[in-house]
Number of protein chains: 2
Amino acid sequence: MPSNNIPDIVVGRLPRYLQALEHMHHDGVHTTSSQELGSMIGISAAQIRKDLSQFGEFGRQGKGYAVPYLVSQLQNILKVSRTWEMALVGAGNLGHAIAHYQGFQTHGFRVALIFDSDPAQIGQTIGGMTVEDSAHIVDVIHAQGIKVGMITVPVESAQTVADDLVKAGVQAILNYAPITLAVPENVQVQYIDPIVSLQRMTFYLE
Amino acid sequence: MPSNNIPDIVVGRLPRYLQALEHMHHDGVHTTSSQELGSMIGISAAQIRKDLSQFGEFGRQGKGYAVPYLVSQLQNILKVSRTWEMALVGAGNLGHAIAHYQGFQTHGFRVALIFDSDPAQIGQTIGGMTVEDSAHIVDVIHAQGIKVGMITVPVESAQTVADDLVKAGVQAILNYAPITLAVPENVQVQYIDPIVSLQRMTFYLE
DNA sequence: ATATGTGAAATCTTTCACAGCG
DNA sequence: CGCTGTGAAAGATTTCACATAT
């Protein structure tokens, strides 16, 4: 089950397979098929089978897939059998919402550090964590060996924060600020921007 | 400048072009090239030219693109020269953060209604708006002719809310709940899920 | 000299359709 | 009989490379 040369577009679909399978698992469904899974998430059965075949043979002919087994295999592939500690930079409204989100812990993630540059925020407690000064991002993150960061600062400071995260050794950044970040090519970045998502839909309206 | 038969993947890139161009515009840059724009957002120059050529000829040979002109053309293409009123369902932490987000108003959107089913939330004021009872989603949204909705409710009620939004005439839904929604094919849906985005990156780590 | 717009080529992605196993 | 896993075909997307305009 080697994982080199896997198209990025395939990797992008795996978390959605896992999401749907975890729902089934939660609902007590023990077996499924590429057909059933596909219709749940709007992807063709052939595509699901092709995607999964990149990583191994997880199904049984005539029978389908064992949900718990496929869930655990996908968790391994996506490396979320472990828990990734994350650093959150930006303790505004959005940062607060993310710090309180209960979904991370059951899916391989945990907010371990929160930073902000606003003196009014530094020292405050959010969800049991104390907000630290952004001036210490590099030292503190490096000392704790954290590899995943989330940026929820205003757009003007997002690139500076990203630079600090990279200096601290962070290798994956989830960026909520509406700007494309410049990072070394070995650092992963994903973007979450409601404006981008909304504009993609309004194109089709009216 | 007709807009039929445009590949969805092209539409998905247009908001990012617009985002970068608006940054340039804000910084006083008056002219750019496909080369420069591409290196800002990590897309090839040829791809940008091909994408834009689907909608018209916006550049000048030897010169490049006039930033303000291209911004306004992209705004027209994405239909964000007007303001889209939106209904937000779910007044939890995330809903609050979204209701207070200042970025919508300058990019073609406005949160016009907020709903929640929790009696403790109903009647509360968020950013000048009163939280209404989710039981009235269909009537109120229909009466106001709102076409765009955002879902920030717990996963268990997301599909029910989506059904109500569709009944109310909503044609575009931005869904923050971690579930694939079943909607009629003429209704647009976009998903924002940090777990999905993070898992897509952890695949590449270690 | 510079940079667009665009056919053609190259590459990537999805779908088809079926052998083979339970 | 049902459903996977998979080569091969079809289809979609990206890149190339250059004629053309400034």
# chains A, B, ... in the order shown; residues from 1 in each chain; ligands from 1

call {"tool": "interface_residues", "arguments": {"of": "chain B", "to": "chain A", "cutoff": "7 Å", "atoms": "only C-alpha atoms", "output": "ChimeraX atom specification"}}
result
/B:11-12,15-16,41,77-79,93-94,97,104,172,174,180,188,190,192,195-203

call {"tool": "calpha_fit_and_write", "arguments": {"fixed": "chain B", "moving": "chain A", "output": "PDB file with C-alpha atoms, in the first residue's frame"}}
result
ATOM      1  CA  MET A   1     -19.141  37.129 -23.697  1.00  0.00           C
ATOM      2  CA  PRO A   2     -21.533  34.158 -23.290  1.00  0.00           C
ATOM      3  CA  SER A   3     -21.261  31.942 -20.250  1.00  0.00           C
ATOM      4  CA  ASN A   4     -22.564  28.532 -21.218  1.00  0.00           C
ATOM      5  CA  ASN A   5     -20.363  25.461 -21.482  1.00  0.00           C
ATOM      6  CA  ILE A   6     -17.754  27.002 -19.190  1.00  0.00           C
ATOM      7  CA  PRO A   7     -15.982  24.166 -17.326  1.00  0.00           C
ATOM      8  CA  ASP A   8     -16.738  24.240 -13.619  1.00  0.00           C
ATOM      9  CA  ILE A   9     -13.043  24.013 -12.867  1.00  0.00           C
ATOM     10  CA  VAL A  10     -12.520  27.310 -14.672  1.00  0.00           C
ATOM     11  CA  VAL A  11     -15.345  28.972 -12.729  1.00  0.00           C
ATOM     12  CA  GLY A  12     -13.691  27.767  -9.537  1.00  0.00           C
ATOM     13  CA  ARG A  13     -10.538  29.702 -10.344  1.00  0.00           C
ATOM     14  CA  LEU A  14     -12.188  33.010 -11.197  1.00  0.00           C
ATOM     15  CA  PRO A  15     -12.831  34.096  -7.582  1.00  0.00           C
ATOM     16  CA  ARG A  16      -9.140  33.591  -6.840  1.00  0.00           C
ATOM     17  CA  TYR A  17      -8.164  35.729  -9.820  1.00  0.00           C
ATOM     18  CA  LEU A  18     -10.567  38.377  -8.599  1.00  0.00           C
ATOM     19  CA  GLN A  19      -9.184  38.176  -5.080  1.00  0.00           C
ATOM     20  CA  ALA A  20      -5.608  38.718  -6.242  1.00  0.00           C
ATOM     21  CA  LEU A  21      -6.588  41.496  -8.646  1.00  0.00           C
ATOM     22  CA  GLU A  22      -8.492  43.302  -5.896  1.00  0.00           C
ATOM     23  CA  HIS A  23      -5.362  43.162  -3.752  1.00  0.00           C
ATOM     24  CA  MET A  24      -3.364  44.720  -6.595  1.00  0.00           C
ATOM     25  CA  HIS A  25      -6.061  47.326  -7.111  1.00  0.00           C
ATOM     26  CA  HIS A  26      -5.988  48.131  -3.405  1.00  0.00           C
ATOM     27  CA  ASP A  27      -2.205  48.468  -3.593  1.00  0.00           C
ATOM     28  CA  GLY A  28      -2.472  50.918  -6.472  1.00  0.00           C
ATOM     29  CA  VAL A  29      -1.177  48.552  -9.168  1.00  0.00           C
ATOM     30  CA  HIS A  30      -2.779  49.626 -12.426  1.00  0.00           C
ATOM     31  CA  THR A  31      -1.488  47.090 -14.917  1.00  0.00           C
ATOM     32  CA  THR A  32      -0.536  43.431 -14.662  1.00  0.00           C
ATOM     33  CA  SER A  33       0.258  40.424 -16.832  1.00  0.00           C
ATOM     34  CA  SER A  34      -0.846  36.808 -16.832  1.00  0.00           C
ATOM     35  CA  GLN A  35       2.717  36.037 -15.731  1.00  0.00           C
ATOM     36  CA  GLU A  36       2.594  38.327 -12.689  1.00  0.00           C
ATOM     37  CA  LEU A  37      -0.922  37.316 -11.659  1.00  0.00           C
ATOM     38  CA  GLY A  38      -0.031  33.665 -12.060  1.00  0.00           C
ATOM     39  CA  SER A  39       3.043  33.826  -9.894  1.00  0.00           C
ATOM     40  CA  MET A  40       1.018  35.559  -7.171  1.00  0.00           C
ATOM     41  CA  ILE A  41      -1.466  32.716  -6.932  1.00  0.00           C
ATOM     42  CA  GLY A  42       0.552  29.756  -8.140  1.00  0.00           C
ATOM     43  CA  ILE A  43      -1.163  29.215 -11.478  1.00  0.00           C
ATOM     44  CA  SER A  44       0.516  29.159 -14.905  1.00  0.00           C
ATOM     45  CA  ALA A  45       0.278  32.221 -17.126  1.00  0.00           C
ATOM     46  CA  ALA A  46      -1.110  30.133 -19.992  1.00  0.00           C
ATOM     47  CA  GLN A  47      -3.890  28.823 -17.797  1.00  0.00           C
ATOM     48  CA  ILE A  48      -4.966  32.296 -16.754  1.00  0.00           C
ATOM     49  CA  ARG A  49      -5.023  33.489 -20.352  1.00  0.00           C
ATOM     50  CA  LYS A  50      -7.010  30.431 -21.464  1.00  0.00           C
ATOM     51  CA  ASP A  51      -9.474  30.821 -18.610  1.00  0.00           C
ATOM     52  CA  LEU A  52     -10.091  34.511 -19.278  1.00  0.00           C
ATOM     53  CA  SER A  53     -10.391  33.909 -23.025  1.00  0.00           C
ATOM     54  CA  GLN A  54     -13.545  31.900 -22.300  1.00  0.00           C
ATOM     55  CA  PHE A  55     -15.292  35.145 -21.453  1.00  0.00           C
ATOM     56  CA  GLY A  56     -13.778  37.702 -23.804  1.00  0.00           C
ATOM     57  CA  GLU A  57     -10.608  39.555 -24.639  1.00  0.00           C
ATOM     58  CA  PHE A  58      -9.645  41.606 -21.621  1.00  0.00           C
ATOM     59  CA  GLY A  59      -5.948  42.220 -22.226  1.00  0.00           C
ATOM     60  CA  ARG A  60      -3.817  44.131 -24.669  1.00  0.00           C
ATOM     61  CA  GLN A  61      -0.996  42.506 -26.548  1.00  0.00           C
ATOM     62  CA  GLY A  62       2.392  43.754 -25.477  1.00  0.00           C
ATOM     63  CA  LYS A  63       0.804  45.589 -22.548  1.00  0.00           C
ATOM     64  CA  GLY A  64      -1.045  43.167 -20.261  1.00  0.00           C
ATOM     65  CA  TYR A  65      -4.285  43.717 -18.360  1.00  0.00           C
ATOM     66  CA  ALA A  66      -5.694  46.914 -16.873  1.00  0.00           C
ATOM     67  CA  VAL A  67      -6.364  45.884 -13.266  1.00  0.00           C
ATOM     68  CA  PRO A  68      -9.495  48.012 -12.592  1.00  0.00           C
ATOM     69  CA  TYR A  69     -11.068  46.923 -15.865  1.00  0.00           C
ATOM     70  CA  LEU A  70     -10.371  43.234 -15.292  1.00  0.00           C
ATOM     71  CA  VAL A  71     -11.689  43.495 -11.724  1.00  0.00           C
ATOM     72  CA  SER A  72     -14.968  44.955 -12.943  1.00  0.00           C
ATOM     73  CA  GLN A  73     -15.265  42.381 -15.720  1.00  0.00           C
ATOM     74  CA  LEU A  74     -14.709  39.496 -13.294  1.00  0.00           C
ATOM     75  CA  GLN A  75     -17.228  41.005 -10.893  1.00  0.00           C
ATOM     76  CA  ASN A  76     -19.762  41.042 -13.703  1.00  0.00           C
ATOM     77  CA  ILE A  77     -18.978  37.475 -14.748  1.00  0.00           C
ATOM     78  CA  LEU A  78     -19.322  36.254 -11.160  1.00  0.00           C
ATOM     79  CA  LYS A  79     -22.435  38.420 -10.691  1.00  0.00           C
ATOM     80  CA  VAL A  80     -21.076  40.225  -7.660  1.00  0.00           C
ATOM     81  CA  SER A  81     -21.509  43.748  -9.023  1.00  0.00           C
ATOM     82  CA  ARG A  82     -24.832  43.521  -7.197  1.00  0.00           C
ATOM     83  CA  THR A  83     -25.230  42.591  -3.517  1.00  0.00           C
ATOM     84  CA  TRP A  84     -26.618  39.150  -2.670  1.00  0.00           C
ATOM     85  CA  GLU A  85     -28.600  39.022   0.554  1.00  0.00           C
ATOM     86  CA  MET A  86     -27.986  35.863   2.528  1.00  0.00           C
ATOM     87  CA  ALA A  87     -29.782  33.869   5.207  1.00  0.00           C
ATOM     88  CA  LEU A  88     -27.620  32.381   7.943  1.00  0.00           C
ATOM     89  CA  VAL A  89     -29.004  29.372   9.797  1.00  0.00           C
ATOM     90  CA  GLY A  90     -27.275  28.520  13.057  1.00  0.00           C
ATOM     91  CA  ALA A  91     -26.339  31.167  15.637  1.00  0.00           C
ATOM     92  CA  GLY A  92     -23.653  29.224  17.483  1.00  0.00           C
ATOM     93  CA  ASN A  93     -20.011  30.260  17.755  1.00  0.00           C
ATOM     94  CA  LEU A  94     -19.390  29.904  14.047  1.00  0.00           C
ATOM     95  CA  GLY A  95     -22.653  31.613  13.107  1.00  0.00           C
ATOM     96  CA  HIS A  96     -21.732  34.541  15.335  1.00  0.00           C
ATOM     97  CA  ALA A  97     -18.293  34.843  13.740  1.00  0.00           C
ATOM     98  CA  ILE A  98     -19.805  34.808  10.255  1.00  0.00           C
ATOM     99  CA  ALA A  99     -22.493  37.335  11.190  1.00  0.00           C
ATOM    100  CA  HIS A 100     -19.773  39.717  12.347  1.00  0.00           C
ATOM    101  CA  TYR A 101     -17.448  39.159   9.378  1.00  0.00           C
ATOM    102  CA  GLN A 102     -16.791  42.481   7.661  1.00  0.00           C
ATOM    103  CA  GLY A 103     -15.567  40.978   4.393  1.00  0.00           C
ATOM    104  CA  PHE A 104     -18.951  40.205   2.846  1.00  0.00           C
ATOM    105  CA  GLN A 105     -20.162  43.746   2.227  1.00  0.00           C
ATOM    106  CA  THR A 106     -17.244  44.696  -0.015  1.00  0.00           C
ATOM    107  CA  HIS A 107     -17.501  41.547  -2.120  1.00  0.00           C
ATOM    108  CA  GLY A 108     -21.111  41.289  -3.151  1.00  0.00           C
ATOM    109  CA  PHE A 109     -22.789  39.771  -0.101  1.00  0.00           C
ATOM    110  CA  ARG A 110     -24.707  40.736   3.029  1.00  0.00           C
ATOM    111  CA  VAL A 111     -26.085  38.667   5.890  1.00  0.00           C
ATOM    112  CA  ALA A 112     -29.741  39.736   5.964  1.00  0.00           C
ATOM    113  CA  LEU A 113     -31.333  37.084   8.184  1.00  0.00           C
ATOM    114  CA  ILE A 114     -30.204  34.859  11.038  1.00  0.00           C
ATOM    115  CA  PHE A 115     -32.138  31.819  12.262  1.00  0.00           C
ATOM    116  CA  ASP A 116     -31.716  29.433  15.153  1.00  0.00           C
ATOM    117  CA  SER A 117     -33.938  26.806  16.756  1.00  0.00           C
ATOM    118  CA  ASP A 118     -32.644  27.349  20.299  1.00  0.00           C
ATOM    119  CA  PRO A 119     -35.145  29.380  22.381  1.00  0.00           C
ATOM    120  CA  ALA A 120     -32.190  30.930  24.210  1.00  0.00           C
ATOM    121  CA  GLN A 121     -30.915  32.364  20.915  1.00  0.00           C
ATOM    122  CA  ILE A 122     -34.225  33.418  19.354  1.00  0.00           C
ATOM    123  CA  GLY A 123     -34.808  37.138  19.886  1.00  0.00           C
ATOM    124  CA  GLN A 124     -31.149  37.856  20.673  1.00  0.00           C
ATOM    125  CA  THR A 125     -29.424  40.524  18.621  1.00  0.00           C
ATOM    126  CA  ILE A 126     -26.308  39.739  16.556  1.00  0.00           C
ATOM    127  CA  GLY A 127     -24.637  42.524  14.631  1.00  0.00           C
ATOM    128  CA  GLY A 128     -27.850  44.526  14.567  1.00  0.00           C
ATOM    129  CA  MET A 129     -29.990  41.585  13.464  1.00  0.00           C
ATOM    130  CA  THR A 130     -32.536  39.720  15.548  1.00  0.00           C
ATOM    131  CA  VAL A 131     -32.254  35.929  15.561  1.00  0.00           C
ATOM    132  CA  GLU A 132     -35.471  34.427  14.225  1.00  0.00           C
ATOM    133  CA  ASP A 133     -37.017  31.042  14.924  1.00  0.00           C
ATOM    134  CA  SER A 134     -35.888  28.346  12.463  1.00  0.00           C
ATOM    135  CA  ALA A 135     -39.525  27.311  12.246  1.00  0.00           C
ATOM    136  CA  HIS A 136     -40.058  30.383  10.078  1.00  0.00           C
ATOM    137  CA  ILE A 137     -37.206  29.758   7.616  1.00  0.00           C
ATOM    138  CA  VAL A 138     -39.420  28.890   4.662  1.00  0.00           C
ATOM    139  CA  ASP A 139     -41.872  31.770   5.049  1.00  0.00           C
ATOM    140  CA  VAL A 140     -39.448  34.561   5.857  1.00  0.00           C
ATOM    141  CA  ILE A 141     -36.820  33.688   3.260  1.00  0.00           C
ATOM    142  CA  HIS A 142     -39.442  33.191   0.596  1.00  0.00           C
ATOM    143  CA  ALA A 143     -41.080  36.518   1.439  1.00  0.00           C
ATOM    144  CA  GLN A 144     -37.760  38.349   1.089  1.00  0.00           C
ATOM    145  CA  GLY A 145     -36.758  36.557  -2.101  1.00  0.00           C
ATOM    146  CA  ILE A 146     -33.371  35.560  -0.701  1.00  0.00           C
ATOM    147  CA  LYS A 147     -31.426  33.154  -2.931  1.00  0.00           C
ATOM    148  CA  VAL A 148     -28.298  32.396  -0.893  1.00  0.00           C
ATOM    149  CA  GLY A 149     -28.102  30.503   2.394  1.00  0.00           C
ATOM    150  CA  MET A 150     -25.371  29.510   4.831  1.00  0.00           C
ATOM    151  CA  ILE A 151     -25.676  26.533   7.167  1.00  0.00           C
ATOM    152  CA  THR A 152     -23.816  26.557  10.484  1.00  0.00           C
ATOM    153  CA  VAL A 153     -26.003  24.166  12.483  1.00  0.00           C
ATOM    154  CA  PRO A 154     -24.905  20.834  14.006  1.00  0.00           C
ATOM    155  CA  VAL A 155     -24.558  18.005  11.523  1.00  0.00           C
ATOM    156  CA  GLU A 156     -27.759  16.282  12.714  1.00  0.00           C
ATOM    157  CA  SER A 157     -29.996  19.105  11.523  1.00  0.00           C
ATOM    158  CA  ALA A 158     -28.073  20.250   8.445  1.00  0.00           C
ATOM    159  CA  GLN A 159     -30.089  18.215   5.916  1.00  0.00           C
ATOM    160  CA  THR A 160     -33.398  19.373   7.408  1.00  0.00           C
ATOM    161  CA  VAL A 161     -32.259  22.985   7.219  1.00  0.00           C
ATOM    162  CA  ALA A 162     -31.112  22.465   3.625  1.00  0.00           C
ATOM    163  CA  ASP A 163     -34.539  21.061   2.746  1.00  0.00           C
ATOM    164  CA  ASP A 164     -36.175  24.159   4.246  1.00  0.00           C
ATOM    165  CA  LEU A 165     -33.836  26.501   2.388  1.00  0.00           C
ATOM    166  CA  VAL A 166     -34.640  24.774  -0.893  1.00  0.00           C
ATOM    167  CA  LYS A 167     -38.367  25.004  -0.140  1.00  0.00           C
ATOM    168  CA  ALA A 168     -37.877  28.716   0.516  1.00  0.00           C
ATOM    169  CA  GLY A 169     -36.401  29.180  -2.957  1.00  0.00           C
ATOM    170  CA  VAL A 170     -32.713  29.333  -2.033  1.00  0.00           C
ATOM    171  CA  GLN A 171     -30.506  28.383  -5.000  1.00  0.00           C
ATOM    172  CA  ALA A 172     -27.028  28.500  -3.458  1.00  0.00           C
ATOM    173  CA  ILE A 173     -25.998  27.011  -0.115  1.00  0.00           C
ATOM    174  CA  LEU A 174     -22.689  27.381   1.678  1.00  0.00           C
ATOM    175  CA  ASN A 175     -22.579  24.449   4.077  1.00  0.00           C
ATOM    176  CA  TYR A 176     -20.276  24.433   7.104  1.00  0.00           C
ATOM    177  CA  ALA A 177     -21.726  21.204   8.527  1.00  0.00           C
ATOM    178  CA  PRO A 178     -19.630  18.069   7.914  1.00  0.00           C
ATOM    179  CA  ILE A 179     -22.130  16.229   5.715  1.00  0.00           C
ATOM    180  CA  THR A 180     -22.900  16.003   2.009  1.00  0.00           C
ATOM    181  CA  LEU A 181     -26.308  17.562   1.397  1.00  0.00           C
ATOM    182  CA  ALA A 182     -28.928  16.114  -0.923  1.00  0.00           C
ATOM    183  CA  VAL A 183     -30.438  18.947  -2.975  1.00  0.00           C
ATOM    184  CA  PRO A 184     -32.132  19.299  -6.373  1.00  0.00           C
ATOM    185  CA  GLU A 185     -29.638  19.593  -9.194  1.00  0.00           C
ATOM    186  CA  ASN A 186     -30.495  23.210  -9.901  1.00  0.00           C
ATOM    187  CA  VAL A 187     -29.300  24.173  -6.396  1.00  0.00           C
ATOM    188  CA  GLN A 188     -25.613  24.977  -5.919  1.00  0.00           C
ATOM    189  CA  VAL A 189     -23.782  23.745  -2.821  1.00  0.00           C
ATOM    190  CA  GLN A 190     -20.288  24.502  -1.599  1.00  0.00           C
ATOM    191  CA  TYR A 191     -18.691  22.894   1.433  1.00  0.00           C
ATOM    192  CA  ILE A 192     -16.426  24.358   4.064  1.00  0.00           C
ATOM    193  CA  ASP A 193     -15.049  21.757   6.458  1.00  0.00           C
ATOM    194  CA  PRO A 194     -11.719  22.269   8.227  1.00  0.00           C
ATOM    195  CA  ILE A 195     -11.408  18.540   8.946  1.00  0.00           C
ATOM    196  CA  VAL A 196     -11.562  17.725   5.242  1.00  0.00           C
ATOM    197  CA  SER A 197      -9.001  20.424   4.454  1.00  0.00           C
ATOM    198  CA  LEU A 198      -6.669  19.319   7.248  1.00  0.00           C
ATOM    199  CA  GLN A 199      -6.849  15.635   6.348  1.00  0.00           C
ATOM    200  CA  ARG A 200      -5.987  16.494   2.791  1.00  0.00           C
ATOM    201  CA  MET A 201      -2.718  17.933   4.106  1.00  0.00           C
ATOM    202  CA  THR A 202      -1.813  15.352   6.740  1.00  0.00           C
ATOM    203  CA  PHE A 203      -1.708  12.757   3.972  1.00  0.00           C
ATOM    204  CA  TYR A 204       1.533  14.390   2.840  1.00  0.00           C
ATOM    205  CA  LEU A 205       3.117  14.831   6.262  1.00  0.00           C
ATOM    206  CA  GLU A 206       5.822  12.844   8.098  1.00  0.00           C
TER     207      GLU A 206
END

call {"tool": "residues_around", "arguments": {"residues": "DG11 (chain D)", "least_positions_apart": "2", "cutoff": "9 Å", "atoms": "only C-alpha atoms (C1' of nucleotides)", "output": "PyMOL selection string"}}
result
chain C and resi 13-15

call {"tool": "write_last_selection", "arguments": {"atoms": "N, CA and C atoms (P, O5', C5', C4', C3', O3' and C1' of nucleotides)", "output": "JSON list (two decimals), in the first residue's frame"}}
result
[["chain", "number", "residue", "atom", "x", "y", "z"],
["C", 13, "DT", "P", -4.77, 14.32, -12.46],
["C", 13, "DT", "O5'", -6.17, 13.85, -13.07],
["C", 13, "DT", "C5'", -7.09, 14.82, -13.53],
["C", 13, "DT", "C4'", -8.37, 14.14, -13.92],
["C", 13, "DT", "C3'", -8.91, 13.15, -12.88],
["C", 13, "DT", "O3'", -10.21, 13.60, -12.54],
["C", 13, "DT", "C1'", -8.88, 12.19, -15.06],
["C", 14, "DT", "P", -11.23, 12.79, -11.64],
["C", 14, "DT", "O5'", -12.10, 12.02, -12.73],
["C", 14, "DT", "C5'", -12.85, 12.77, -13.68],
["C", 14, "DT", "C4'", -13.55, 11.83, -14.62],
["C", 14, "DT", "C3'", -14.46, 10.83, -13.92],
["C", 14, "DT", "O3'", -15.77, 11.04, -14.45],
["C", 14, "DT", "C1'", -13.03, 9.75, -15.51],
["C", 15, "DT", "P", -17.01, 10.14, -13.97],
["C", 15, "DT", "O5'", -17.08, 9.05, -15.12],
["C", 15, "DT", "C5'", -17.18, 9.49, -16.47],
["C", 15, "DT", "C4'", -17.10, 8.28, -17.37],
["C", 15, "DT", "C3'", -18.08, 7.17, -17.00],
["C", 15, "DT", "O3'", -18.87, 6.92, -18.16],
["C", 15, "DT", "C1'", -15.89, 6.31, -17.32]]
